[in-house]
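Trainee: So I've got this file, structure01.pdb, and it contains PDB, N, CA and C atoms:
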```pdb
ATOM      1  N   MET A  29     118.621 126.719 100.124
ATOM      2  CA  MET A  29     117.469 126.480  99.275
ATOM      3  C   MET A  29     116.730 127.795  98.987
ATOM      4  N   LEU A  30     116.615 128.617 100.012
ATOM      5  CA  LEU A  30     115.935 129.894  99.838
ATOM      6  C   LEU A  30     116.731 130.819  98.921
ATOM      7  N   THR A  31     118.031 130.756  98.985
ATOM      8  CA  THR A  31     118.855 131.617  98.127
ATOM      9  C   THR A  31     118.707 131.241  96.654
ATOM     10  N   VAL A  32     118.568 129.941  96.367
ATOM     11  CA  VAL A  32     118.354 129.506  94.976
ATOM     12  C   VAL A  32     117.014 130.029  94.480
ATOM     13  N   PHE A  33     115.993 129.933  95.313
ATOM     14  CA  PHE A  33     114.677 130.447  94.941
ATOM     15  C   PHE A  33     114.725 131.947  94.690
ATOM     16  N   LEU A  34     115.342 132.688  95.571
ATOM     17  CA  LEU A  34     115.418 134.141  95.418
ATOM     18  C   LEU A  34     116.236 134.534  94.185
ATOM     19  N   ALA A  35     117.314 133.812  93.921
ATOM     20  CA  ALA A  35     118.125 134.103  92.742
ATOM     21  C   ALA A  35     117.328 133.829  91.468
ATOM     22  N   THR A  36     116.607 132.712  91.435
ATOM     23  CA  THR A  36     115.781 132.372  90.273
ATOM     24  C   THR A  36     114.674 133.403  90.081
ATOM     25  N   PHE A  37     114.040 133.790  91.153
ATOM     26  CA  PHE A  37     112.985 134.796  91.085
ATOM     27  C   PHE A  37     113.531 136.126  90.567
ATOM     28  N   ALA A  38     114.705 136.500  91.032
ATOM     29  CA  ALA A  38     115.320 137.754  90.581
ATOM     30  C   ALA A  38     115.632 137.709  89.090
ATOM     31  N   VAL A  39     116.096 136.574  88.606
ATOM     32  CA  VAL A  39     116.381 136.431  87.174
ATOM     33  C   VAL A  39     115.096 136.581  86.364
ATOM     34  N   PHE A  40     114.013 135.942  86.799
ATOM     35  CA  PHE A  40     112.746 136.063  86.085
ATOM     36  C   PHE A  40     112.232 137.500  86.093
ATOM     37  N   VAL A  41     112.371 138.180  87.211
ATOM     38  CA  VAL A  41     111.936 139.573  87.292
ATOM     39  C   VAL A  41     112.744 140.436  86.340
ATOM     40  N   LEU A  42     114.039 140.204  86.253
ATOM     41  CA  LEU A  42     114.886 140.971  85.334
ATOM     42  C   LEU A  42     114.510 140.708  83.874
ATOM     43  N   VAL A  43     114.200 139.462  83.555
ATOM     44  CA  VAL A  43     113.800 139.129  82.183
ATOM     45  C   VAL A  43     112.487 139.822  81.828
ATOM     46  N   VAL A  44     111.509 139.758  82.714
ATOM     47  CA  VAL A  44     110.219 140.415  82.455
ATOM     48  C   VAL A  44     110.407 141.922  82.351
ATOM     49  N   PHE A  45     111.225 142.492  83.207
ATOM     50  CA  PHE A  45     111.504 143.920  83.152
ATOM     51  C   PHE A  45     112.174 144.288  81.826
ATOM     52  N   GLY A  46     113.122 143.478  81.390
ATOM     53  CA  GLY A  46     113.800 143.740  80.118
ATOM     54  C   GLY A  46     112.851 143.674  78.935
ATOM     55  N   MET A  47     111.953 142.689  78.942
ATOM     56  CA  MET A  47     110.983 142.576  77.855
ATOM     57  C   MET A  47     110.029 143.762  77.848
ATOM     58  N   SER A  48     109.574 144.179  79.025
ATOM     59  CA  SER A  48     108.650 145.317  79.073
ATOM     60  C   SER A  48     109.363 146.605  78.678
ATOM     61  N   LEU A  49     110.616 146.743  79.052
ATOM     62  CA  LEU A  49     111.378 147.921  78.661
ATOM     63  C   LEU A  49     111.568 147.963  77.142
ATOM     64  N   GLY A  50     111.840 146.818  76.546
ATOM     65  CA  GLY A  50     111.961 146.749  75.091
ATOM     66  C   GLY A  50     110.668 147.113  74.396
ATOM     67  N   TYR A  51     109.547 146.691  74.969
ATOM     68  CA  TYR A  51     108.255 147.046  74.379
ATOM     69  C   TYR A  51     108.009 148.547  74.497
ATOM     70  N   LEU A  52     108.315 149.118  75.644
ATOM     71  CA  LEU A  52     108.075 150.547  75.837
ATOM     72  C   LEU A  52     108.946 151.396  74.916
ATOM     73  N   VAL A  53     110.154 150.962  74.664
ATOM     74  CA  VAL A  53     111.065 151.737  73.827
ATOM     75  C   VAL A  53     110.693 151.629  72.350
ATOM     76  N   LYS A  54     110.427 150.425  71.885
ATOM     77  CA  LYS A  54     110.181 150.218  70.454
ATOM     78  C   LYS A  54     108.716 150.296  70.061
ATOM     79  N   ARG A  55     107.813 150.176  71.036
ATOM     80  CA  ARG A  55     106.368 150.165  70.760
ATOM     81  C   ARG A  55     106.008 149.104  69.720
ATOM     82  N   LYS A  56     106.654 147.966  69.807
ATOM     83  CA  LYS A  56     106.413 146.877  68.878
ATOM     84  C   LYS A  56     106.012 145.653  69.688
ATOM     85  N   SER A  57     104.943 144.981  69.291
ATOM     86  CA  SER A  57     104.477 143.843  70.064
ATOM     87  C   SER A  57     105.427 142.659  69.919
ATOM     88  N   ILE A  58     105.385 141.793  70.896
ATOM     89  CA  ILE A  58     106.233 140.608  70.888
ATOM     90  C   ILE A  58     105.691 139.644  69.839
ATOM     91  N   GLN A  59     106.567 139.066  69.049
ATOM     92  CA  GLN A  59     106.144 138.121  68.022
ATOM     93  C   GLN A  59     107.090 136.939  67.992
ATOM     94  N   GLY A  60     106.636 135.870  67.413
ATOM     95  CA  GLY A  60     107.443 134.662  67.324
ATOM     96  C   GLY A  60     108.587 134.825  66.333
ATOM     97  N   SER A  61     109.554 133.954  66.435
ATOM     98  CA  SER A  61     110.725 134.058  65.568
ATOM     99  C   SER A  61     110.416 133.644  64.130
ATOM    100  N   CYS A  62     109.417 132.796  63.940
ATOM    101  CA  CYS A  62     109.131 132.315  62.595
ATOM    102  C   CYS A  62     108.129 133.201  61.861
ATOM    103  N   GLY A  63     107.551 134.168  62.512
ATOM    104  CA  GLY A  63     106.605 135.060  61.852
ATOM    105  C   GLY A  63     105.166 134.636  62.013
ATOM    106  N   GLY A  64     104.929 133.465  62.555
ATOM    107  CA  GLY A  64     103.574 133.003  62.814
ATOM    108  C   GLY A  64     102.860 132.508  61.573
ATOM    109  N   ILE A  65     101.563 132.411  61.678
ATOM    110  CA  ILE A  65     100.749 131.829  60.617
ATOM    111  C   ILE A  65     100.661 132.747  59.395
ATOM    112  N   SER A  66     100.840 134.039  59.586
ATOM    113  CA  SER A  66     100.752 134.958  58.452
ATOM    114  C   SER A  66     101.910 134.754  57.475
ATOM    115  N   SER A  67     103.040 134.227  57.954
ATOM    116  CA  SER A  67     104.166 133.984  57.053
ATOM    117  C   SER A  67     103.879 132.816  56.112
ATOM    118  N   LEU A  68     102.899 131.991  56.468
ATOM    119  CA  LEU A  68     102.510 130.879  55.602
ATOM    120  C   LEU A  68     101.472 131.290  54.570
ATOM    121  N   GLY A  69     101.020 132.515  54.636
ATOM    122  CA  GLY A  69     100.014 132.997  53.704
ATOM    123  C   GLY A  69      98.598 132.694  54.149
ATOM    124  N   LEU A  70      98.424 132.283  55.394
ATOM    125  CA  LEU A  70      97.097 131.962  55.906
ATOM    126  C   LEU A  70      96.570 133.133  56.719
ATOM    127  N   GLU A  71      95.288 133.379  56.587
ATOM    128  CA  GLU A  71      94.679 134.483  57.334
ATOM    129  C   GLU A  71      94.104 133.997  58.654
ATOM    130  N   LYS A  72      93.716 132.727  58.700
ATOM    131  CA  LYS A  72      93.121 132.184  59.913
ATOM    132  C   LYS A  72      93.599 130.762  60.136
ATOM    133  N   VAL A  73      93.409 130.279  61.334
ATOM    134  CA  VAL A  73      93.915 128.963  61.704
ATOM    135  C   VAL A  73      93.038 127.851  61.166
ATOM    136  N   CYS A  74      91.740 128.006  61.232
ATOM    137  CA  CYS A  74      90.841 126.922  60.825
ATOM    138  C   CYS A  74      90.651 126.905  59.306
ATOM    139  N   ASP A  75      90.123 125.813  58.824
ATOM    140  CA  ASP A  75      89.886 125.656  57.387
ATOM    141  C   ASP A  75      88.440 125.920  57.006
ATOM    142  N   CYS A  76      87.729 126.640  57.840
ATOM    143  CA  CYS A  76      86.320 126.928  57.582
ATOM    144  C   CYS A  76      86.197 127.818  56.343
ATOM    145  N   PRO A  77      85.226 127.538  55.473
ATOM    146  CA  PRO A  77      85.057 128.392  54.293
ATOM    147  C   PRO A  77      84.570 129.793  54.648
ATOM    148  N   GLU A  78      83.858 129.925  55.766
ATOM    149  CA  GLU A  78      83.345 131.226  56.183
ATOM    150  C   GLU A  78      83.689 131.437  57.661
ATOM    151  N   PRO A  79      84.120 132.633  58.026
ATOM    152  CA  PRO A  79      84.498 132.871  59.426
ATOM    153  C   PRO A  79      83.293 132.793  60.362
ATOM    154  N   CYS A  80      83.554 132.509  61.620
ATOM    155  CA  CYS A  80      82.487 132.420  62.616
ATOM    156  C   CYS A  80      81.941 133.820  62.928
ATOM    157  N   ASP A  81      80.843 133.853  63.684
ATOM    158  CA  ASP A  81      80.195 135.133  63.996
ATOM    159  C   ASP A  81      81.105 136.058  64.797
ATOM    160  N   ALA A  82      81.865 135.491  65.734
ATOM    161  CA  ALA A  82      82.756 136.330  66.542
ATOM    162  C   ALA A  82      83.815 136.979  65.668
ATOM    163  N   ARG A  83      84.359 136.238  64.708
ATOM    164  CA  ARG A  83      85.373 136.806  63.814
ATOM    165  C   ARG A  83      84.760 137.858  62.896
ATOM    166  N   LYS A  84      83.531 137.637  62.442
ATOM    167  CA  LYS A  84      82.859 138.635  61.601
ATOM    168  C   LYS A  84      82.672 139.944  62.364
ATOM    169  N   LYS A  85      82.274 139.842  63.644
ATOM    170  CA  LYS A  85      82.107 141.048  64.462
ATOM    171  C   LYS A  85      83.439 141.760  64.649
ATOM    172  N   ARG A  86      84.491 140.974  64.898
ATOM    173  CA  ARG A  86      85.814 141.564  65.106
ATOM    174  C   ARG A  86      86.296 142.260  63.838
ATOM    175  N   LEU A  87      86.069 141.649  62.679
ATOM    176  CA  LEU A  87      86.471 142.268  61.411
ATOM    177  C   LEU A  87      85.664 143.534  61.138
ATOM    178  N   ALA A  88      84.379 143.508  61.481
ATOM    179  CA  ALA A  88      83.537 144.691  61.287
ATOM    180  C   ALA A  88      83.996 145.835  62.191
ATOM    181  N   ARG A  89      84.347 145.516  63.444
ATOM    182  CA  ARG A  89      84.850 146.556  64.347
ATOM    183  C   ARG A  89      86.159 147.140  63.837
ATOM    184  N   GLU A  90      87.029 146.286  63.337
ATOM    185  CA  GLU A  90      88.317 146.755  62.818
ATOM    186  C   GLU A  90      88.105 147.638  61.585
ATOM    187  N   ALA A  91      87.192 147.267  60.710
ATOM    188  CA  ALA A  91      86.897 148.086  59.533
ATOM    189  C   ALA A  91      86.325 149.437  59.958
ATOM    190  N   GLN A  92      85.485 149.432  60.995
ATOM    191  CA  GLN A  92      84.906 150.686  61.493
ATOM    192  C   GLN A  92      85.988 151.583  62.076
ATOM    193  N   ARG A  93      86.941 150.993  62.808
ATOM    194  CA  ARG A  93      88.042 151.779  63.365
ATOM    195  C   ARG A  93      88.895 152.374  62.265
ATOM    196  N   GLN A  94      89.118 151.624  61.206
ATOM    197  CA  GLN A  94      89.930 152.122  60.103
ATOM    198  C   GLN A  94      89.246 153.311  59.412
ATOM    199  N   GLN A  95      87.914 153.248  59.298
ATOM    200  CA  GLN A  95      87.178 154.352  58.676
ATOM    201  C   GLN A  95      87.203 155.599  59.549
ATOM    202  N   ASN A  96      87.159 155.403  60.869
ATOM    203  CA  ASN A  96      87.090 156.543  61.796
ATOM    204  C   ASN A  96      88.463 157.087  62.162
ATOM    205  N   ARG A  97      89.496 156.480  61.670
ATOM    206  CA  ARG A  97      90.852 156.875  62.048
ATOM    207  C   ARG A  97      91.218 158.220  61.433
ATOM    208  N   ILE A  98      91.834 159.055  62.218
ATOM    209  CA  ILE A  98      92.262 160.373  61.757
ATOM    210  C   ILE A  98      93.732 160.278  61.362
ATOM    211  N   LEU A  99      94.026 160.732  60.178
ATOM    212  CA  LEU A  99      95.411 160.661  59.703
ATOM    213  C   LEU A  99      96.201 161.865  60.075
TER     214      LEU A  99
END
```
So, in terms of structure tokens, how does the structure I just supplied come out?
Mentor:
Amino acid sequence: MLTVFLATFAVFVLVVFGMSLGYLVKRKSIQGSCGGISSLGLEKVCDCPEPCDARKKRLAREAQRQQNRIL
């Protein structure tokens, strides 16, 4: 029973190591196979006509980072 547990644990460790190694080599974030919600042409998940305050702050911070970015 212990050997099955250790073998399973070793497989999971190898998978996590492989995924992290792939990220370090390619510097590309993990994404879903279907492309996610952006492939549907949607910018956000909810159908709200105006984004919430937290999203407005996040968008403002991102715009500020883009302005301060050095090329």
Trainee: In Å, rounded to a single decimal, give me how far atom CA of Thr31 of chain A is from atom CA of Val44 of chain A.
Mentor: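 Going from atom CA of Val44 of chain A over to atom CA of Thr31 of chain A, I get 19.9 Å.
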Trainee: Quick one: distance from atom CA of Ala82 of chain A to atom N of Gln94 of chain A in Å, one decimal?
Mentor: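 If I compute the distance from atom CA of Ala82 of chain A to atom N of Gln94 of chain A, I get 17.4 Å.
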Trainee: Calculate how many Å separate atom N of Arg97 of chain A from atom N of Arg55 of chain A, rounding to one decimal.
Mentor: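 Separating atom N of Arg97 of chain A from atom N of Arg55 of chain A is a distance of 21.5 Å.
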Trainee: Could you add all heavy atoms to segment 35-46 of chain A and give me the result as a JSON list (two decimals), keeping the file's coordinate frame?
Mentor:
```json
[["chain", "number", "residue", "atom", "x", "y", "z"],
["A", 35, "ALA", "N", 117.31, 133.81, 93.92],
["A", 35, "ALA", "CA", 118.12, 134.10, 92.74],
["A", 35, "ALA", "C", 117.33, 133.83, 91.47],
["A", 35, "ALA", "O", 117.35, 134.62, 90.52],
["A", 35, "ALA", "CB", 119.40, 133.28, 92.76],
["A", 36, "THR", "N", 116.61, 132.71, 91.44],
["A", 36, "THR", "CA", 115.78, 132.37, 90.27],
["A", 36, "THR", "C", 114.67, 133.40, 90.08],
["A", 36, "THR", "O", 114.41, 133.85, 88.96],
["A", 36, "THR", "CB", 115.17, 130.97, 90.45],
["A", 36, "THR", "OG1", 116.22, 130.04, 90.70],
["A", 36, "THR", "CG2", 114.39, 130.55, 89.23],
["A", 37, "PHE", "N", 114.04, 133.79, 91.15],
["A", 37, "PHE", "CA", 112.98, 134.80, 91.08],
["A", 37, "PHE", "C", 113.53, 136.13, 90.57],
["A", 37, "PHE", "O", 112.90, 136.78, 89.73],
["A", 37, "PHE", "CB", 112.34, 134.97, 92.47],
["A", 37, "PHE", "CG", 111.18, 135.92, 92.46],
["A", 37, "PHE", "CD1", 109.97, 135.55, 91.92],
["A", 37, "PHE", "CD2", 111.31, 137.19, 93.01],
["A", 37, "PHE", "CE1", 108.90, 136.43, 91.91],
["A", 37, "PHE", "CE2", 110.25, 138.08, 93.00],
["A", 37, "PHE", "CZ", 109.05, 137.69, 92.46],
["A", 38, "ALA", "N", 114.70, 136.50, 91.03],
["A", 38, "ALA", "CA", 115.32, 137.75, 90.58],
["A", 38, "ALA", "C", 115.63, 137.71, 89.09],
["A", 38, "ALA", "O", 115.43, 138.69, 88.38],
["A", 38, "ALA", "CB", 116.59, 138.03, 91.38],
["A", 39, "VAL", "N", 116.10, 136.57, 88.61],
["A", 39, "VAL", "CA", 116.38, 136.43, 87.17],
["A", 39, "VAL", "C", 115.10, 136.58, 86.36],
["A", 39, "VAL", "O", 115.07, 137.29, 85.34],
["A", 39, "VAL", "CB", 117.08, 135.08, 86.88],
["A", 39, "VAL", "CG1", 117.13, 134.80, 85.39],
["A", 39, "VAL", "CG2", 118.48, 135.07, 87.47],
["A", 40, "PHE", "N", 114.01, 135.94, 86.80],
["A", 40, "PHE", "CA", 112.75, 136.06, 86.08],
["A", 40, "PHE", "C", 112.23, 137.50, 86.09],
["A", 40, "PHE", "O", 111.72, 137.99, 85.09],
["A", 40, "PHE", "CB", 111.69, 135.12, 86.68],
["A", 40, "PHE", "CG", 111.77, 133.74, 86.14],
["A", 40, "PHE", "CD1", 112.28, 132.72, 86.93],
["A", 40, "PHE", "CD2", 111.35, 133.44, 84.86],
["A", 40, "PHE", "CE1", 112.36, 131.44, 86.44],
["A", 40, "PHE", "CE2", 111.43, 132.16, 84.36],
["A", 40, "PHE", "CZ", 111.94, 131.15, 85.16],
["A", 41, "VAL", "N", 112.37, 138.18, 87.21],
["A", 41, "VAL", "CA", 111.94, 139.57, 87.29],
["A", 41, "VAL", "C", 112.74, 140.44, 86.34],
["A", 41, "VAL", "O", 112.20, 141.30, 85.64],
["A", 41, "VAL", "CB", 112.04, 140.09, 88.75],
["A", 41, "VAL", "CG1", 111.90, 141.60, 88.81],
["A", 41, "VAL", "CG2", 110.99, 139.43, 89.61],
["A", 42, "LEU", "N", 114.04, 140.20, 86.25],
["A", 42, "LEU", "CA", 114.89, 140.97, 85.33],
["A", 42, "LEU", "C", 114.51, 140.71, 83.87],
["A", 42, "LEU", "O", 114.49, 141.63, 83.06],
["A", 42, "LEU", "CB", 116.36, 140.64, 85.56],
["A", 42, "LEU", "CG", 116.97, 141.24, 86.83],
["A", 42, "LEU", "CD1", 118.38, 140.71, 87.03],
["A", 42, "LEU", "CD2", 116.97, 142.75, 86.76],
["A", 43, "VAL", "N", 114.20, 139.46, 83.56],
["A", 43, "VAL", "CA", 113.80, 139.13, 82.18],
["A", 43, "VAL", "C", 112.49, 139.82, 81.83],
["A", 43, "VAL", "O", 112.35, 140.42, 80.76],
["A", 43, "VAL", "CB", 113.69, 137.60, 82.00],
["A", 43, "VAL", "CG1", 113.00, 137.24, 80.70],
["A", 43, "VAL", "CG2", 115.07, 136.97, 82.05],
["A", 44, "VAL", "N", 111.51, 139.76, 82.71],
["A", 44, "VAL", "CA", 110.22, 140.42, 82.46],
["A", 44, "VAL", "C", 110.41, 141.92, 82.35],
["A", 44, "VAL", "O", 109.82, 142.58, 81.47],
["A", 44, "VAL", "CB", 109.20, 140.04, 83.55],
["A", 44, "VAL", "CG1", 107.95, 140.89, 83.45],
["A", 44, "VAL", "CG2", 108.85, 138.58, 83.47],
["A", 45, "PHE", "N", 111.22, 142.49, 83.21],
["A", 45, "PHE", "CA", 111.50, 143.92, 83.15],
["A", 45, "PHE", "C", 112.17, 144.29, 81.83],
["A", 45, "PHE", "O", 111.82, 145.29, 81.20],
["A", 45, "PHE", "CB", 112.39, 144.34, 84.33],
["A", 45, "PHE", "CG", 112.77, 145.79, 84.30],
["A", 45, "PHE", "CD1", 111.83, 146.76, 84.59],
["A", 45, "PHE", "CD2", 114.04, 146.18, 83.97],
["A", 45, "PHE", "CE1", 112.17, 148.10, 84.57],
["A", 45, "PHE", "CE2", 114.40, 147.51, 83.93],
["A", 45, "PHE", "CZ", 113.45, 148.48, 84.23],
["A", 46, "GLY", "N", 113.12, 143.48, 81.39],
["A", 46, "GLY", "CA", 113.80, 143.74, 80.12],
["A", 46, "GLY", "C", 112.85, 143.67, 78.94],
["A", 46, "GLY", "O", 112.91, 144.49, 78.02]]
```
